[in-house]
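Read through the structure below, which is laid out as structure tokens, and then see the notes.
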Amino acid sequence: MDIMEAIKQRRSIRSYKDDPVPVGLLDQVLEAGRLAPSSSNVQSWRFKVVTDKAAKGELRKAAMDQSFVEEAPAVIVACLDLDAFRERTRGIVELLKDEDGSVKDCDVAGLFALCDGPDEKRCLIHAFMNVSIAVENMVLTAVSLGLGTCWVRAFEPLKVAHALSLPPECPPAVLLPIGFPNQDPPARPRKEMHEIRI
């Protein structure tokens with residue numbers, strides 16, 4: 001399947017078959033994320049693949065009880081890697097740590113509030129952009145492999161971080177349920193070309 005076909009066929013899938021996703025296919029999807037471009041080639045992403053039923057149940061609770069998060073055979077949790085920016089984001093990471101070393105805050109507003117200056121804010125913006133590019137690479141690769149996904153941003157990051165014991169330097173940015181689709185939704189409306197060109 002060529003890239004334009006994958007783009008045209010991509011849908012937000014919210015119902016999945018019970019079949020597990022073969023490890024080889026998951027590896028191909030993750031490889032697409034690994035190969036994504038990033039600002040200054042910092043590759044500021046980390047991915048956790050969740051297949052455990054109980055852990056997916058916790059993700060569902062953190063994601064406003066969206067049932068398909070638990071139903072999907074796997075969920076890729078795409079995280080920022082603040083360590084990728086070295087000393088430039090060390091202050092944010094230190095402020096994210098609770099006394100016991102766990103995460104104490106990691107929602108978007110909270111992360112930006114922890115920034116001490118424009119350089120930290122720029123790094124944080126780049127981290128989110130980089131993860132988004134990597135996730136879109138994974139989404140399109142999944143389509144080409146016959147898999148479905150759904151970008152999920154409606155979730156409580158701190159609950160996800162605690163449920164998965166994520167380190168403070170890796171706050172979650174996107175949940176990506178993935179599996180064989182159990183639905184074939186129609187394409188959503190898109191603006192016409194003349195509406196998006198300036």
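Lettering and numbering for the structure tokens are positional, with chains as A, B, ... in the shown order, residues counted from 1 in each chain, and ligands counted from 1 in the shown order.
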### Task
Apply DSSP to the backbone of this structure and, from range 26-137 of chain A, keep only the residues in alpha helix (DSSP H); write these as a ChimeraX atom specification.
/A:26-34,53-62,67-71,90-96,108-114,118-137
### Message
For range 39-52 of chain A, find every residue with an atom within 7 Å (counting only C-alpha atoms), except residues of its own chain fewer than 6 positions away, and show them as number ranges by chain.
### Response
A: 73-82, 84-85, 126-127, 130-131
### Query
So, counting only C-alpha atoms, which residue among A:Ile13, A:Ile92, A:Cys150, A:Met138 is closest to Asp27 in chain A?
A:Met138
### Message
Excluding Pro185 in chain A and its own-chain neighbours fewer than 4 positions away, which residues fall within 12 Å of it when counting only C-alpha atoms? Please give them as a ChimeraX atom specification.
### Response
/A:9-15,148,181
Can you write out as a tab-separated table which residues of range 169-191 of chain A fall within 10 Å of range 103-106 of chain A, alongside each residue's closest atom pair and its distance in Å to one decimal, counting only C-alpha atoms and ordering rows by chain and ascending residue number?
```
residue	atom	partner	partner_atom	distance
A:Glu169	CA	A:Val103	CA	8.7
A:Cys170	CA	A:Cys106	CA	9.0
A:Pro171	CA	A:Cys106	CA	5.7
A:Pro172	CA	A:Cys106	CA	7.7
A:Ala173	CA	A:Cys106	CA	9.3
```
Selected residues written out with N, CA and C atoms, as a PDB file, in the first residue's frame:
```
ATOM      1  N   GLU A 169      10.760  11.501  33.835  1.00  0.00           N
ATOM      2  CA  GLU A 169      11.229  12.116  32.588  1.00  0.00           C
ATOM      3  C   GLU A 169      10.435  11.674  31.364  1.00  0.00           C
ATOM      4  N   CYS A 170       9.463  10.785  31.554  1.00  0.00           N
ATOM      5  CA  CYS A 170       8.677  10.261  30.422  1.00  0.00           C
ATOM      6  C   CYS A 170       7.178  10.428  30.638  1.00  0.00           C
ATOM      7  N   PRO A 171       6.684  11.662  30.711  1.00  0.00           N
ATOM      8  CA  PRO A 171       5.241  11.846  30.861  1.00  0.00           C
ATOM      9  C   PRO A 171       4.495  11.385  29.602  1.00  0.00           C
ATOM     10  N   PRO A 172       3.330  10.757  29.785  1.00  0.00           N
ATOM     11  CA  PRO A 172       2.579  10.252  28.631  1.00  0.00           C
ATOM     12  C   PRO A 172       1.956  11.385  27.828  1.00  0.00           C
ATOM     13  N   ALA A 173       2.007  11.260  26.495  1.00  0.00           N
ATOM     14  CA  ALA A 173       1.464  12.288  25.605  1.00  0.00           C
ATOM     15  C   ALA A 173       0.263  11.785  24.809  1.00  0.00           C
TER      16      ALA A 173
END
```
### Task
Return the single residue from A:Glu71, A:Asp107, A:Glu94, A:Glu31 that is closest to Ala134 in chain A, with distances computed using only C-alpha atoms.
A:Glu31
### Task
Pull the strand (DSSP E) assignments for chain A out of DSSP run on the backbone, and list those residues as a list in words.
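Matching residues for strand (DSSP E) in chain A are Trp45, Arg46, Phe47, Lys48, Val49, Val50, Ala74, Val75, Ile76, Val77, Ala78, Cys79, Leu80, Gly148, Thr149, Pro172, Ala173, Val174, Leu175, Leu176, Pro177, Ile178 and Gly179 of chain A.
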For the residues in that selection, give me N, CA and C atoms as a PDB file, in the first residue's frame.
```
ATOM      1  N   TRP A  45      11.163  10.703  22.305  1.00  0.00           N
ATOM      2  CA  TRP A  45       9.986   9.858  22.517  1.00  0.00           C
ATOM      3  C   TRP A  45      10.410   8.556  23.170  1.00  0.00           C
ATOM      4  N   ARG A  46       9.472   7.972  23.883  1.00  0.00           N
ATOM      5  CA  ARG A  46       9.616   6.623  24.434  1.00  0.00           C
ATOM      6  C   ARG A  46       8.240   5.977  24.297  1.00  0.00           C
ATOM      7  N   PHE A  47       8.223   4.676  24.075  1.00  0.00           N
ATOM      8  CA  PHE A  47       6.966   3.967  23.854  1.00  0.00           C
ATOM      9  C   PHE A  47       6.852   2.778  24.800  1.00  0.00           C
ATOM     10  N   LYS A  48       5.689   2.628  25.389  1.00  0.00           N
ATOM     11  CA  LYS A  48       5.406   1.458  26.225  1.00  0.00           C
ATOM     12  C   LYS A  48       4.220   0.734  25.617  1.00  0.00           C
ATOM     13  N   VAL A  49       4.386  -0.539  25.315  1.00  0.00           N
ATOM     14  CA  VAL A  49       3.309  -1.356  24.761  1.00  0.00           C
ATOM     15  C   VAL A  49       2.616  -2.072  25.914  1.00  0.00           C
ATOM     16  N   VAL A  50       1.315  -1.857  26.023  1.00  0.00           N
ATOM     17  CA  VAL A  50       0.528  -2.445  27.109  1.00  0.00           C
ATOM     18  C   VAL A  50      -0.427  -3.476  26.521  1.00  0.00           C
ATOM     19  N   ALA A  74      -3.849  -4.209  22.216  1.00  0.00           N
ATOM     20  CA  ALA A  74      -2.648  -3.532  22.716  1.00  0.00           C
ATOM     21  C   ALA A  74      -2.894  -2.029  22.726  1.00  0.00           C
ATOM     22  N   VAL A  75      -2.179  -1.353  23.594  1.00  0.00           N
ATOM     23  CA  VAL A  75      -2.182   0.108  23.625  1.00  0.00           C
ATOM     24  C   VAL A  75      -0.722   0.545  23.661  1.00  0.00           C
ATOM     25  N   ILE A  76      -0.351   1.375  22.702  1.00  0.00           N
ATOM     26  CA  ILE A  76       0.983   1.960  22.720  1.00  0.00           C
ATOM     27  C   ILE A  76       0.870   3.302  23.442  1.00  0.00           C
ATOM     28  N   VAL A  77       1.592   3.426  24.534  1.00  0.00           N
ATOM     29  CA  VAL A  77       1.611   4.680  25.272  1.00  0.00           C
ATOM     30  C   VAL A  77       2.839   5.455  24.801  1.00  0.00           C
ATOM     31  N   ALA A  78       2.587   6.544  24.081  1.00  0.00           N
ATOM     32  CA  ALA A  78       3.670   7.368  23.544  1.00  0.00           C
ATOM     33  C   ALA A  78       3.984   8.462  24.563  1.00  0.00           C
ATOM     34  N   CYS A  79       5.221   8.469  25.007  1.00  0.00           N
ATOM     35  CA  CYS A  79       5.647   9.396  26.060  1.00  0.00           C
ATOM     36  C   CYS A  79       6.689  10.381  25.535  1.00  0.00           C
ATOM     37  N   LEU A  80       6.720  11.551  26.158  1.00  0.00           N
ATOM     38  CA  LEU A  80       7.818  12.478  25.918  1.00  0.00           C
ATOM     39  C   LEU A  80       9.068  11.885  26.565  1.00  0.00           C
ATOM     40  N   GLY A 148      -5.873  -1.227  12.931  1.00  0.00           N
ATOM     41  CA  GLY A 148      -6.554   0.026  13.203  1.00  0.00           C
ATOM     42  C   GLY A 148      -6.003   0.652  14.468  1.00  0.00           C
ATOM     43  N   THR A 149      -6.114   1.962  14.563  1.00  0.00           N
ATOM     44  CA  THR A 149      -5.665   2.712  15.734  1.00  0.00           C
ATOM     45  C   THR A 149      -6.635   3.852  15.997  1.00  0.00           C
ATOM     46  N   PRO A 172       3.330  10.757  29.785  1.00  0.00           N
ATOM     47  CA  PRO A 172       2.579  10.252  28.631  1.00  0.00           C
ATOM     48  C   PRO A 172       1.956  11.385  27.828  1.00  0.00           C
ATOM     49  N   ALA A 173       2.007  11.260  26.495  1.00  0.00           N
ATOM     50  CA  ALA A 173       1.464  12.288  25.605  1.00  0.00           C
ATOM     51  C   ALA A 173       0.263  11.785  24.809  1.00  0.00           C
ATOM     52  N   VAL A 174       0.296  10.516  24.376  1.00  0.00           N
ATOM     53  CA  VAL A 174      -0.757   9.956  23.528  1.00  0.00           C
ATOM     54  C   VAL A 174      -0.961   8.491  23.909  1.00  0.00           C
ATOM     55  N   LEU A 175      -2.217   8.069  23.973  1.00  0.00           N
ATOM     56  CA  LEU A 175      -2.541   6.647  24.051  1.00  0.00           C
ATOM     57  C   LEU A 175      -2.951   6.216  22.646  1.00  0.00           C
ATOM     58  N   LEU A 176      -2.401   5.101  22.194  1.00  0.00           N
ATOM     59  CA  LEU A 176      -2.708   4.628  20.849  1.00  0.00           C
ATOM     60  C   LEU A 176      -3.186   3.178  20.909  1.00  0.00           C
ATOM     61  N   PRO A 177      -4.499   2.960  21.132  1.00  0.00           N
ATOM     62  CA  PRO A 177      -5.028   1.604  21.035  1.00  0.00           C
ATOM     63  C   PRO A 177      -4.773   1.074  19.623  1.00  0.00           C
ATOM     64  N   ILE A 178      -4.433  -0.212  19.530  1.00  0.00           N
ATOM     65  CA  ILE A 178      -4.101  -0.785  18.235  1.00  0.00           C
ATOM     66  C   ILE A 178      -4.567  -2.234  18.181  1.00  0.00           C
ATOM     67  N   GLY A 179      -5.118  -2.617  17.026  1.00  0.00           N
ATOM     68  CA  GLY A 179      -5.580  -3.989  16.844  1.00  0.00           C
ATOM     69  C   GLY A 179      -6.228  -4.146  15.482  1.00  0.00           C
TER      70      GLY A 179
END
```
### Query
From the set A:Leu166, A:Ala154, A:Val69, A:Ala55, which residue has the shortest atom-to-atom contact distance to Leu96 in chain A, counting only C-alpha atoms?
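Smallest distance to Leu96 in chain A is found for A:Leu166.
Between CA of Phe180 in chain A and CA of Tyr16 in chain A the separation is 5.6 Å.
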## Note on the structure
Using only C-alpha atoms, the residue out of A:Ile7, A:Val139, A:Ala72, A:Leu158 with shortest distance to Val21 in chain A is A:Ala72
### Query
A:Glu99, A:Lys17, A:Leu25, A:Cys123: which is nearest Gln183 in chain A, counting only C-alpha atoms?
A:Lys17
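Between Pro168 in chain A and the residues A:Cys115, A:Leu95, A:Ile125, A:Leu145, the shortest atom-to-atom distance, using only C-alpha atoms, involves A:Leu95.
The gap separating CA of Arg188 in chain A from CA of Met4 in chain A is 16.4 Å, in Å to one decimal.
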